[in-house]
Each structure stands twice: as structure tokens, then as C-alpha cells.
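The file run22.pdb comes next; it holds PDB, C-alpha atoms and all ligand atoms.
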```pdb
MODEL        1
ATOM      1  CA  MET A   2      59.142  58.535 103.295
ATOM      2  CA  ARG A   3      57.791  60.491 100.364
ATOM      3  CA  LYS A   4      57.467  64.243 100.305
ATOM      4  CA  GLU A   5      53.715  64.562 100.905
ATOM      5  CA  LYS A   6      53.897  62.248 103.916
ATOM      6  CA  MET A   7      56.093  64.689 105.875
ATOM      7  CA  ASP A   8      53.342  67.260 106.340
ATOM      8  CA  GLY A   9      52.305  67.284 110.007
ATOM      9  CA  LYS A  10      55.191  65.089 111.202
ATOM     10  CA  VAL A  11      56.823  66.045 114.485
ATOM     11  CA  ALA A  12      60.541  66.781 114.860
ATOM     12  CA  ILE A  13      62.740  67.604 117.832
ATOM     13  CA  ILE A  14      65.819  69.664 116.966
ATOM     14  CA  THR A  15      68.457  70.224 119.625
ATOM     15  CA  GLY A  16      70.850  73.141 119.388
ATOM     16  CA  ALA A  17      68.048  75.042 117.664
ATOM     17  CA  SER A  18      68.901  78.471 119.098
ATOM     18  CA  SER A  19      71.474  79.282 116.393
ATOM     19  CA  GLY A  20      73.552  78.042 113.467
ATOM     20  CA  ILE A  21      72.738  74.669 111.892
ATOM     21  CA  GLY A  22      69.855  73.956 114.295
ATOM     22  CA  GLU A  23      68.152  77.270 113.516
ATOM     23  CA  ALA A  24      68.569  76.772 109.760
ATOM     24  CA  THR A  25      67.227  73.200 110.067
ATOM     25  CA  ALA A  26      64.185  74.381 112.023
ATOM     26  CA  LEU A  27      63.334  76.827 109.237
ATOM     27  CA  LYS A  28      63.939  74.268 106.493
ATOM     28  CA  LEU A  29      61.890  71.452 108.082
ATOM     29  CA  SER A  30      59.019  73.748 109.027
ATOM     30  CA  GLU A  31      58.831  74.945 105.407
ATOM     31  CA  LYS A  32      57.937  71.336 104.567
ATOM     32  CA  GLY A  33      55.067  71.335 107.048
ATOM     33  CA  ILE A  34      56.971  69.520 109.795
ATOM     34  CA  LYS A  35      56.155  70.698 113.348
ATOM     35  CA  VAL A  36      59.395  71.558 115.092
ATOM     36  CA  ALA A  37      60.195  71.406 118.803
ATOM     37  CA  LEU A  38      63.193  73.645 119.404
ATOM     38  CA  ALA A  39      65.582  72.739 122.206
ATOM     39  CA  ALA A  40      68.630  74.579 123.569
ATOM     40  CA  ARG A  41      69.510  76.478 126.740
ATOM     41  CA  ARG A  42      69.050  80.145 125.740
ATOM     42  CA  GLU A  43      65.326  80.906 126.065
ATOM     43  CA  GLN A  44      65.400  84.242 124.261
ATOM     44  CA  GLU A  45      67.276  82.886 121.270
ATOM     45  CA  LEU A  46      64.923  79.910 121.068
ATOM     46  CA  LYS A  47      61.925  82.257 121.152
ATOM     47  CA  ARG A  48      63.513  84.300 118.359
ATOM     48  CA  VAL A  49      63.809  81.158 116.212
ATOM     49  CA  GLU A  50      60.258  80.103 117.124
ATOM     50  CA  ASN A  51      58.954  83.523 116.009
ATOM     51  CA  LYS A  52      60.919  83.260 112.765
ATOM     52  CA  VAL A  53      59.376  79.855 111.998
ATOM     53  CA  VAL A  54      55.870  81.051 112.837
ATOM     54  CA  GLU A  55      56.285  84.241 110.765
ATOM     55  CA  ALA A  56      57.272  82.036 107.825
ATOM     56  CA  GLY A  57      54.022  80.069 108.262
ATOM     57  CA  GLY A  58      55.407  77.090 110.190
ATOM     58  CA  ILE A  59      54.540  75.470 113.530
ATOM     59  CA  ALA A  60      57.143  75.588 116.296
ATOM     60  CA  LYS A  61      57.477  75.305 120.041
ATOM     61  CA  SER A  62      60.560  76.307 121.945
ATOM     62  CA  ILE A  63      61.397  74.161 124.941
ATOM     63  CA  PRO A  64      64.433  75.400 126.901
ATOM     64  CA  THR A  65      66.588  72.361 127.623
ATOM     65  CA  ASP A  66      70.122  71.646 128.740
ATOM     66  CA  VAL A  67      70.868  68.367 126.963
ATOM     67  CA  THR A  68      73.522  67.466 129.531
ATOM     68  CA  SER A  69      70.706  66.956 132.040
ATOM     69  CA  ARG A  70      68.925  63.637 131.548
ATOM     70  CA  ASP A  71      65.919  64.919 133.514
ATOM     71  CA  GLN A  72      65.594  67.962 131.264
ATOM     72  CA  VAL A  73      65.795  65.752 128.165
ATOM     73  CA  LYS A  74      63.036  63.521 129.618
ATOM     74  CA  ASP A  75      60.908  66.626 130.244
ATOM     75  CA  LEU A  76      61.563  67.808 126.665
ATOM     76  CA  VAL A  77      60.271  64.541 125.222
ATOM     77  CA  SER A  78      57.235  64.501 127.580
ATOM     78  CA  GLU A  79      56.350  68.065 126.622
ATOM     79  CA  VAL A  80      56.481  67.263 122.909
ATOM     80  CA  LEU A  81      54.368  64.135 123.420
ATOM     81  CA  ASN A  82      51.803  66.085 125.458
ATOM     82  CA  LYS A  83      51.558  68.761 122.785
ATOM     83  CA  TRP A  84      51.738  66.786 119.537
ATOM     84  CA  GLY A  85      51.204  63.147 120.571
ATOM     85  CA  THR A  86      54.216  61.600 118.863
ATOM     86  CA  ILE A  87      57.813  62.107 117.677
ATOM     87  CA  ASP A  88      58.766  61.176 114.125
ATOM     88  CA  ILE A  89      62.119  62.870 113.589
ATOM     89  CA  VAL A  90      64.981  63.765 115.890
ATOM     90  CA  VAL A  91      67.877  65.982 114.863
ATOM     91  CA  VAL A  92      70.657  65.460 117.404
ATOM     92  CA  ASN A  93      72.571  68.664 116.824
ATOM     93  CA  ALA A  94      73.426  70.470 120.091
ATOM     94  CA  GLY A  95      77.168  70.728 120.426
ATOM     95  CA  ALA A  96      80.093  72.634 121.877
ATOM     96  CA  TYR A  97      83.589  73.095 120.472
ATOM     97  CA  LEU A  98      86.389  72.484 122.965
ATOM     98  CA  ARG A  99      89.932  72.979 121.781
ATOM     99  CA  ALA A 100      93.063  72.158 123.797
ATOM    100  CA  LYS A 101      96.551  70.830 123.182
ATOM    101  CA  VAL A 102      96.770  67.197 124.262
ATOM    102  CA  GLU A 103      99.585  67.923 126.726
ATOM    103  CA  GLU A 104      97.581  70.737 128.299
ATOM    104  CA  LEU A 105      94.111  69.266 128.478
ATOM    105  CA  SER A 106      92.492  67.997 131.627
ATOM    106  CA  VAL A 107      90.128  65.074 132.059
ATOM    107  CA  LYS A 108      87.506  67.738 132.787
ATOM    108  CA  ASP A 109      87.871  69.097 129.219
ATOM    109  CA  ILE A 110      87.061  65.663 127.825
ATOM    110  CA  GLU A 111      84.201  65.161 130.298
ATOM    111  CA  GLN A 112      82.683  68.536 129.371
ATOM    112  CA  SER A 113      82.864  67.746 125.687
ATOM    113  CA  MET A 114      81.418  64.264 126.190
ATOM    114  CA  ALA A 115      78.594  65.697 128.317
ATOM    115  CA  VAL A 116      77.169  67.743 125.468
ATOM    116  CA  ASN A 117      78.544  66.175 122.281
ATOM    117  CA  PHE A 118      77.980  62.554 123.292
ATOM    118  CA  TYR A 119      75.757  62.074 126.358
ATOM    119  CA  GLY A 120      73.501  64.984 125.372
ATOM    120  CA  GLY A 121      72.671  63.158 122.145
ATOM    121  CA  LEU A 122      72.538  59.743 123.768
ATOM    122  CA  TYR A 123      69.949  60.816 126.387
ATOM    123  CA  LEU A 124      67.618  62.075 123.678
ATOM    124  CA  ILE A 125      68.035  59.026 121.462
ATOM    125  CA  LEU A 126      67.333  56.639 124.360
ATOM    126  CA  GLU A 127      64.269  58.667 125.308
ATOM    127  CA  VAL A 128      62.669  58.712 121.832
ATOM    128  CA  LEU A 129      63.595  55.166 120.862
ATOM    129  CA  PRO A 130      60.663  53.417 122.621
ATOM    130  CA  ILE A 131      58.262  55.813 120.867
ATOM    131  CA  MET A 132      59.769  55.179 117.435
ATOM    132  CA  LEU A 133      59.915  51.410 118.038
ATOM    133  CA  LYS A 134      56.242  51.433 119.004
ATOM    134  CA  ASN A 135      55.410  53.417 115.849
ATOM    135  CA  GLY A 136      57.569  51.103 113.730
ATOM    136  CA  GLN A 137      59.125  54.153 112.102
ATOM    137  CA  GLY A 138      61.284  57.180 112.760
ATOM    138  CA  ARG A 139      64.204  59.233 111.598
ATOM    139  CA  ILE A 140      67.275  59.980 113.704
ATOM    140  CA  ILE A 141      69.715  62.453 112.223
ATOM    141  CA  VAL A 142      72.940  62.904 114.119
ATOM    142  CA  VAL A 143      75.088  65.944 113.379
ATOM    143  CA  THR A 144      78.630  65.014 114.323
ATOM    144  CA  SER A 145      81.539  66.608 112.440
ATOM    145  CA  PHE A 146      84.087  65.933 109.719
ATOM    146  CA  ASP A 147      86.449  65.823 112.719
ATOM    147  CA  ALA A 148      84.909  62.389 113.353
ATOM    148  CA  LYS A 149      86.321  61.198 110.015
ATOM    149  CA  LYS A 150      89.722  62.843 110.345
ATOM    150  CA  GLY A 151      90.707  64.179 113.742
ATOM    151  CA  LEU A 152      92.437  67.546 113.513
ATOM    152  CA  PRO A 153      95.203  68.756 115.833
ATOM    153  CA  LEU A 154      94.100  70.710 118.929
ATOM    154  CA  ASP A 155      90.587  69.291 118.761
ATOM    155  CA  ALA A 156      91.107  66.213 120.981
ATOM    156  CA  PRO A 157      88.208  66.854 123.399
ATOM    157  CA  TYR A 158      85.799  67.611 120.565
ATOM    158  CA  VAL A 159      87.071  64.830 118.302
ATOM    159  CA  ALA A 160      86.875  62.207 121.063
ATOM    160  CA  ALA A 161      83.215  62.986 121.701
ATOM    161  CA  LYS A 162      82.283  63.275 118.020
ATOM    162  CA  PHE A 163      83.967  59.937 117.204
ATOM    163  CA  ALA A 164      82.060  58.369 120.119
ATOM    164  CA  MET A 165      78.752  59.690 118.821
ATOM    165  CA  SER A 166      79.512  58.669 115.234
ATOM    166  CA  GLY A 167      80.420  55.146 116.352
ATOM    167  CA  PHE A 168      77.240  54.870 118.366
ATOM    168  CA  ALA A 169      75.203  56.115 115.397
ATOM    169  CA  GLU A 170      76.869  53.615 113.050
ATOM    170  CA  VAL A 171      75.826  50.681 115.228
ATOM    171  CA  MET A 172      72.371  52.118 115.848
ATOM    172  CA  ARG A 173      71.851  52.581 112.105
ATOM    173  CA  GLN A 174      72.396  48.888 111.411
ATOM    174  CA  GLU A 175      70.367  47.606 114.365
ATOM    175  CA  LEU A 176      67.372  49.871 113.858
ATOM    176  CA  LYS A 177      66.931  49.827 110.077
ATOM    177  CA  PRO A 178      65.033  46.517 110.058
ATOM    178  CA  LYS A 179      62.683  48.042 112.655
ATOM    179  CA  GLY A 180      61.806  50.982 110.399
ATOM    180  CA  ILE A 181      64.011  53.560 112.113
ATOM    181  CA  LEU A 182      66.445  55.207 109.733
ATOM    182  CA  VAL A 183      69.592  56.779 111.131
ATOM    183  CA  THR A 184      71.766  59.235 109.225
ATOM    184  CA  THR A 185      75.035  60.758 110.402
ATOM    185  CA  ILE A 186      76.016  64.165 109.029
ATOM    186  CA  PHE A 187      79.728  65.032 108.990
ATOM    187  CA  PRO A 188      80.065  68.751 108.172
ATOM    188  CA  GLY A 189      83.417  70.432 107.619
ATOM    189  CA  ARG A 190      83.705  74.070 108.678
ATOM    190  CA  VAL A 191      80.377  75.873 108.967
ATOM    191  CA  ASP A 192      79.867  79.603 109.387
ATOM    192  CA  THR A 193      78.143  79.621 112.787
ATOM    193  CA  PRO A 194      78.790  81.148 116.236
ATOM    194  CA  LEU A 195      80.576  77.899 117.213
ATOM    195  CA  ILE A 196      83.721  78.922 115.325
ATOM    196  CA  THR A 197      83.182  82.650 114.649
ATOM    197  CA  ASP A 198      86.738  83.625 115.605
ATOM    198  CA  LEU A 199      88.491  80.619 114.097
ATOM    199  CA  LYS A 200      90.316  81.443 110.857
ATOM    200  CA  VAL A 201      90.459  78.629 108.338
ATOM    201  CA  PRO A 202      92.326  78.176 105.034
ATOM    202  CA  SER A 203      90.355  78.758 101.859
ATOM    203  CA  ILE A 204      90.461  75.049 100.985
ATOM    204  CA  SER A 205      88.255  74.409 104.024
ATOM    205  CA  ALA A 206      86.252  77.647 103.747
ATOM    206  CA  LYS A 207      83.207  77.808 105.995
ATOM    207  CA  ILE A 208      79.971  76.741 104.328
ATOM    208  CA  SER A 209      76.621  78.244 105.291
ATOM    209  CA  PRO A 210      74.467  76.559 107.953
ATOM    210  CA  GLY A 211      71.718  76.542 105.318
ATOM    211  CA  LYS A 212      73.754  74.056 103.255
ATOM    212  CA  VAL A 213      73.859  71.631 106.181
ATOM    213  CA  ALA A 214      70.147  72.179 106.864
ATOM    214  CA  GLN A 215      69.460  71.429 103.202
ATOM    215  CA  ALA A 216      71.369  68.134 103.489
ATOM    216  CA  ILE A 217      69.436  67.208 106.638
ATOM    217  CA  CYS A 218      66.147  67.975 104.923
ATOM    218  CA  LYS A 219      67.159  65.930 101.873
ATOM    219  CA  VAL A 220      67.957  62.773 103.857
ATOM    220  CA  ILE A 221      64.587  62.928 105.527
ATOM    221  CA  TYR A 222      63.014  62.487 102.093
ATOM    222  CA  LYS A 223      65.647  60.224 100.613
ATOM    223  CA  TYR A 224      67.517  58.096 103.121
ATOM    224  CA  ARG A 225      71.305  58.103 103.131
ATOM    225  CA  PRO A 226      73.369  56.465 105.894
ATOM    226  CA  GLU A 227      76.028  59.188 105.961
ATOM    227  CA  ILE A 228      76.730  62.570 104.460
ATOM    228  CA  ILE A 229      80.108  64.306 104.400
ATOM    229  CA  LEU A 230      80.035  67.895 103.256
ATOM    230  CA  PRO A 231      81.436  69.862 101.491
ATOM    231  CA  LYS A 232      82.865  67.632  98.725
ATOM    232  CA  GLN A 233      86.558  68.437  99.352
ATOM    233  CA  ALA A 234      86.153  67.165 102.933
ATOM    234  CA  GLY A 235      84.963  63.864 101.445
ATOM    235  CA  LEU A 236      88.089  63.762  99.286
ATOM    236  CA  LEU A 237      90.359  64.241 102.306
ATOM    237  CA  TYR A 238      88.510  61.433 104.069
ATOM    238  CA  TYR A 239      89.106  58.960 101.232
ATOM    239  CA  LEU A 240      92.786  59.954 100.908
ATOM    240  CA  ASN A 241      93.180  59.488 104.658
ATOM    241  CA  VAL A 242      91.630  55.999 104.479
ATOM    242  CA  ILE A 243      94.108  55.029 101.774
ATOM    243  CA  SER A 244      97.045  56.623 103.599
ATOM    244  CA  PRO A 245      96.752  58.173 107.072
ATOM    245  CA  ARG A 246     100.300  59.456 106.555
ATOM    246  CA  LEU A 247      99.113  61.403 103.493
ATOM    247  CA  GLY A 248      96.063  62.593 105.460
ATOM    248  CA  ASP A 249      98.275  63.954 108.256
ATOM    249  CA  TYR A 250     100.536  65.611 105.679
ATOM    250  CA  LEU A 251      97.622  67.372 103.986
ATOM    251  CA  VAL A 252      96.256  68.591 107.315
ATOM    252  CA  LYS A 253      99.667  70.102 108.142
ATOM    253  CA  LEU A 254     100.239  71.507 104.641
ATOM    254  CA  PHE A 255      96.922  73.370 104.555
ATOM    255  CA  ARG A 256      96.786  74.187 108.280
ATOM    256  CA  LEU A 257      93.357  72.593 108.366
ATOM    257  CA  GLU A 258      93.163  72.918 112.152
ATOM    258  CA  GLY A 259      92.747  76.676 111.636
ATOM    259  CA  TRP A 260      94.079  79.459 113.850
ATOM    260  CA  TYR A 261      93.092  82.455 115.938
ATOM    261  CA  GLU A 262      94.473  85.933 115.211
TER     262      GLU A 262
HETATM  263  N1  LIG A 301      80.297  75.154 112.894
HETATM  264  C1  LIG A 301      81.051  74.165 112.448
HETATM  265  O1  LIG A 301      82.109  74.394 111.815
HETATM  266  C2  LIG A 301      80.635  72.739 112.664
HETATM  267  C3  LIG A 301      81.287  71.751 111.928
HETATM  268  C4  LIG A 301      80.934  70.421 112.121
HETATM  269  C5  LIG A 301      79.957  70.089 113.026
HETATM  270  N2  LIG A 301      79.338  71.070 113.749
HETATM  271  C6  LIG A 301      78.324  70.644 114.728
HETATM  272  O2  LIG A 301      77.086  71.198 114.380
HETATM  273  C7  LIG A 301      76.278  71.284 115.548
HETATM  274  C8  LIG A 301      75.632  72.661 115.605
HETATM  275  O3  LIG A 301      76.641  73.638 115.798
HETATM  276  P1  LIG A 301      76.662  75.031 115.033
HETATM  277  O4  LIG A 301      77.839  75.030 114.170
HETATM  278  O5  LIG A 301      75.334  75.313 114.473
HETATM  279  O6  LIG A 301      77.030  76.017 116.231
HETATM  280  P2  LIG A 301      76.148  76.964 117.156
HETATM  281  O7  LIG A 301      75.422  77.952 116.324
HETATM  282  O8  LIG A 301      77.049  77.431 118.219
HETATM  283  O9  LIG A 301      75.064  75.953 117.746
HETATM  284  C9  LIG A 301      75.313  75.104 118.822
HETATM  285  C10 LIG A 301      73.961  74.849 119.446
HETATM  286  O10 LIG A 301      74.100  73.895 120.495
HETATM  287  C11 LIG A 301      73.390  74.389 121.625
HETATM  288  N3  LIG A 301      73.950  73.846 122.853
HETATM  289  C12 LIG A 301      75.231  73.910 123.295
HETATM  290  N4  LIG A 301      75.329  73.323 124.493
HETATM  291  C13 LIG A 301      74.087  72.885 124.803
HETATM  292  C14 LIG A 301      73.535  72.214 125.922
HETATM  293  N5  LIG A 301      74.276  71.862 126.986
HETATM  294  N6  LIG A 301      72.209  71.936 125.919
HETATM  295  C15 LIG A 301      71.451  72.284 124.871
HETATM  296  N7  LIG A 301      71.904  72.909 123.784
HETATM  297  C16 LIG A 301      73.208  73.210 123.767
HETATM  298  C17 LIG A 301      73.525  75.905 121.537
HETATM  299  O11 LIG A 301      72.461  76.541 122.193
HETATM  300  P3  LIG A 301      72.483  77.179 123.647
HETATM  301  O12 LIG A 301      73.803  77.846 123.836
HETATM  302  O13 LIG A 301      71.317  78.123 123.612
HETATM  303  O14 LIG A 301      72.267  76.045 124.586
HETATM  304  C18 LIG A 301      73.356  76.098 120.039
HETATM  305  O15 LIG A 301      71.989  76.144 119.697
HETATM  306  C19 LIG A 301      77.202  70.981 116.725
HETATM  307  O16 LIG A 301      76.999  69.643 117.143
HETATM  308  C20 LIG A 301      78.579  71.134 116.143
HETATM  309  O17 LIG A 301      79.535  70.348 116.807
HETATM  310  C21 LIG A 301      79.640  72.378 113.573
ENDMDL
END
```
Could you render the structure from this file as C-alpha cells?
Amino acid sequence: MRKEKMDGKVAIITGASSGIGEATALKLSEKGIKVALAARREQELKRVENKVVEAGGIAKSIPTDVTSRDQVKDLVSEVLNKWGTIDIVVVNAGAYLRAKVEELSVKDIEQSMAVNFYGGLYLILEVLPIMLKNGQGRIIVVTSFDAKKGLPLDAPYVAAKFAMSGFAEVMRQELKPKGILVTTIFPGRVDTPLITDLKVPSISAKISPGKVAQAICKVIYKYRPEIILPKQAGLLYYLNVISPRLGDYLVKLFRLEGWYE
């Protein structure tokens, strides 16, 4: 899709009440894309909606808990009623659950899967018939670098992010011939409320949510199947493919799992 063709397109962004979702809403609306903002906190969503509108964009906040399939159905219906179609979906809502493997419960994994996997899945399944009918669409899935190299203590989060990345990889190949382009974004550490209190080593310093939003915006104009950012995260991924033993060593050496003080 070329730049001028984006004006007036309709996007749904989940997890739009803060962090990467908020930054993406601002970035896409700058390009003339109408943005439907979904998350649970009404006030925060309204704040983002006002920000977009003040900057000259078009936005509608639609409070939604993505773990509820009914609420996701209502979200899609509301967007269709208002704007008639859905061109872009940014599957971004997520929660960070951290627990030692020997201490975690099945409930921890279920909770993480509910938002980080099923929350995305419900939305994708709901918009797919619309995109298939249109013969075009963009699905951008924000997973995590953790879905390229699982870090210690992140088992619940990593399990769900790997599941979503795997699903997106298959979807990407099946849907491309039908005009639906799927991109998976694998960010390293990002400076958002999700990990405010987590300290990280300087080698994996937190990048701004704007950087991730920029990458999302870029792939809408110029398709890429996957993006890993920042660059040093990409390097760790390739080293880990060559030698998982080396990957594990580097994680331990740099304390990439981070820590709380
Ligand atoms: N920060 C990082 O280091 C990092 C790194 C890699 C990937 N990511 C991924 O990036 C995505 C965005 O996270 P962020 O870093 O921008 O953190 P964030 O600012 O905490 O944003 C998370 C968003 O998800 C929403 N959310 C959580 N549970 C939800 C639910 N059940 N239903 C609907 N919305 C829900 C939150 O809104 P409400 O609370 O209002 O519902 C919020 O808008 C997540 O998928 C995260 O896993 C983050």
C-alpha cells in the first residue's frame, strides 16, 4: 500500500491506553488513518482519544477487555457501524507475568495466555472475514523479543508470546496470497508502564514506545514479515540460532532477564 492510499483507512489498536499502543495511535492518526482505541481503562483511553483529536486525527475509544470474546465481537461491530470497514489491526494488548518455573501455577500460564494469546486470537478471527471479503488488510502483531529468545523468570509471558508468534507465522503464509499482510513485531525492552520497575542492563536499555510505533507505521507502508528491534536484540537472536548454548551464556552474563531493586 502506498502512502497516499492510507488516508481514511480504519485501524483497530488494542492496548491503546498507554505505552506502545498509545504511541501507535498517535503515529497512525498523523497519517490520516482513523483509529479505534481498545483497552480496559476508559479514562486512559479517553485521554489518548483527546490527544489524537487535538493533533488533528480521528479516533474513537471503545473500552474492551480482550480476554472476553463477546467484548471483542462488540468492539468490531462498533467499528463497523461507525466507519464501515476495518483495514488494519494492531494486536498489541498485553500483560507481563513473571514467575520462577518451580513456583508458577497453571493459573499464571492461563492468565498470560488469556490476554497475550487468546486476546489477540479473538480479534484476528473476528476481523478476518471482513479482510477476506475486502481482499486486503494488514495485521500487525506485537509479541516480544522474548518470543525469539525466552528469558529466565518469564515463562508465563514467553509461553504466550511464542504461541502468538507461531500463530502469526502460519497466518502470514496462508493469508498473503489473499491480500492480507501479516507482520510480527518483536521488541526488546521498551520504556512503558509494563516494566516501569524492572531494571535492565545497559546492553538491553529500554527503547521509547515511539520507536516501536515508528516501526509499526513503517511496515504498514512497506511490508516486512518480521521486525526485531533494537538491533542488538537481533544480534542475540542470530547468535542463539547458531548456538543456543552461547545464547544462554550471554543472557546470564548480561543479566538480560533484569531485576527489581
Ligand atoms: N514494554 C516492553 O518492554 C515490551 C517489550 C516487548 C513487547 N511488549 C509488548 O508490547 C505490548 C504493549 O505493551 P506496552 O509495553 O506498551 O505496555 P503498557 O503500556 O502496559 O500497555 C499494555 C496495554 O495492554 C492493555 N491491556 C492489558 N490487558 C488487557 C486486557 N485484558 N484487555 C484489553 N487491554 C489490555 C493495557 O490497557 P488497560 O490496562 O487499560 O486494559 C495497555 O493499554 C504488549 O503486548 C507487550 O507484551 C512490551
Taking all atoms listed in the file into account, produce a table as a tab-separated table in which each residue of range 114-154 of chain A with an atom at most 9 Å from an atom of range 162-180 of chain A appears once, together with its shortest atom pair and the distance in Å to one decimal, ordered by chain and rising number.
```
residue	atom	partner	partner_atom	distance
A:Met114	CA	A:Lys162	CA	8.3
A:Asn117	CA	A:Lys162	CA	6.4
A:Phe118	CA	A:Met165	CA	5.4
A:Tyr119	CA	A:Met165	CA	8.5
A:Gly121	CA	A:Met165	CA	7.7
A:Leu122	CA	A:Met165	CA	7.9
A:Met132	CA	A:Gly180	CA	8.4
A:Leu133	CA	A:Lys179	CA	6.9
A:Asn135	CA	A:Gly180	CA	8.7
A:Gly136	CA	A:Gly180	CA	5.4
A:Gln137	CA	A:Gly180	CA	4.5
A:Gly138	CA	A:Gly180	CA	6.7
A:Arg139	CA	A:Gly180	CA	8.7
A:Ile140	CA	A:Arg173	CA	8.8
A:Ile141	CA	A:Ala169	CA	9.0
A:Val142	CA	A:Ala169	CA	7.3
A:Val143	CA	A:Ser166	CA	8.7
A:Thr144	CA	A:Lys162	CA	5.5
A:Ser145	CA	A:Lys162	CA	6.5
A:Phe146	CA	A:Lys162	CA	8.9
A:Asp147	CA	A:Lys162	CA	7.2
A:Ala148	CA	A:Phe163	CA	4.7
A:Lys149	CA	A:Phe163	CA	7.7
A:Gly151	CA	A:Phe163	CA	8.7
```
(message) What does the structure give for the distance between atom P2 of ligand LIG 301 (chain A) and CA of Gly95 in chain A, in Å to one decimal?
(response) 7.1 Å
For the contact check between chain A and ligand LIG 301 (chain A), emit one row per residue of chain A within 8 Å, containing the shortest atom pair and the distance in Å rounded to one decimal, counting all atoms listed in the file, chain then rising number order, as a tab-separated table.
```
residue	atom	partner	partner_atom	distance
A:Thr15	CA	A:LIG301	N7	6.0
A:Gly16	CA	A:LIG301	O15	3.2
A:Ala17	CA	A:LIG301	O15	4.6
A:Ser18	CA	A:LIG301	O15	3.9
A:Ser19	CA	A:LIG301	O7	4.2
A:Gly20	CA	A:LIG301	O5	3.4
A:Ile21	CA	A:LIG301	O5	3.7
A:Gly22	CA	A:LIG301	O5	5.6
A:Glu23	CA	A:LIG301	O15	7.4
A:Ala39	CA	A:LIG301	C15	6.5
A:Ala40	CA	A:LIG301	N7	3.7
A:Arg41	CA	A:LIG301	O14	3.5
A:Arg42	CA	A:LIG301	O13	3.7
A:Glu43	CA	A:LIG301	O13	7.0
A:Glu45	CA	A:LIG301	O13	6.7
A:Leu46	CA	A:LIG301	O13	7.1
A:Pro64	CA	A:LIG301	C15	7.9
A:Thr65	CA	A:LIG301	C15	5.6
A:Asp66	CA	A:LIG301	N6	3.5
A:Val67	CA	A:LIG301	N6	4.0
A:Thr68	CA	A:LIG301	N5	5.1
A:Ser69	CA	A:LIG301	N5	7.9
A:Val92	CA	A:LIG301	O16	7.6
A:Asn93	CA	A:LIG301	O16	4.5
A:Ala94	CA	A:LIG301	O10	3.5
A:Gly95	CA	A:LIG301	O16	3.5
A:Ala96	CA	A:LIG301	C12	5.2
A:Tyr97	CA	A:LIG301	O17	6.1
A:Ala115	CA	A:LIG301	N5	7.6
A:Val116	CA	A:LIG301	N5	5.3
A:Asn117	CA	A:LIG301	O16	6.4
A:Gly120	CA	A:LIG301	N6	7.1
A:Val143	CA	A:LIG301	O16	5.6
A:Thr144	CA	A:LIG301	C5	5.4
A:Ser145	CA	A:LIG301	C5	3.9
A:Phe146	CA	A:LIG301	C4	6.0
A:Asp147	CA	A:LIG301	C4	7.2
A:Tyr158	CA	A:LIG301	O17	7.8
A:Lys162	CA	A:LIG301	O17	7.7
A:Phe187	CA	A:LIG301	C4	6.3
A:Pro188	CA	A:LIG301	C4	4.4
A:Gly189	CA	A:LIG301	C3	5.0
A:Arg190	CA	A:LIG301	O1	3.5
A:Val191	CA	A:LIG301	O1	3.6
A:Asp192	CA	A:LIG301	N1	5.7
A:Thr193	CA	A:LIG301	O7	4.8
A:Pro194	CA	A:LIG301	O8	4.6
A:Leu195	CA	A:LIG301	O8	3.7
A:Ile196	CA	A:LIG301	N1	5.6
A:Lys207	CA	A:LIG301	O1	6.8
A:Pro210	CA	A:LIG301	O5	6.7
```
(message) For a quick check of understanding, using only C-alpha atoms, which of A:Val77, A:Ala100, A:Ala12, A:Ala26 has the smallest distance to Val54 in chain A?
(response)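 Closest to Val54 in chain A of all the choices is A:Ala26.
Those residues returned by the PyMOL selection byres (((chain A and resi 217) around 9) and not hetatm) for this file are Thr25, Lys28, Leu29, Val91, Ile141, Val143, Thr184, Ile186, Lys212, Val213, Ala214, Gln215, Ala216, Cys218, Lys219, Val220, Ile221 and Ile228 of chain A.
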(message) One decimal, in Å: what's the spacing between CA of Gln112 in chain A and CA of Thr185 in chain A?
(response)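 According to the coordinates, CA of Gln112 in chain A and CA of Thr185 in chain A are separated by 21.9 Å.
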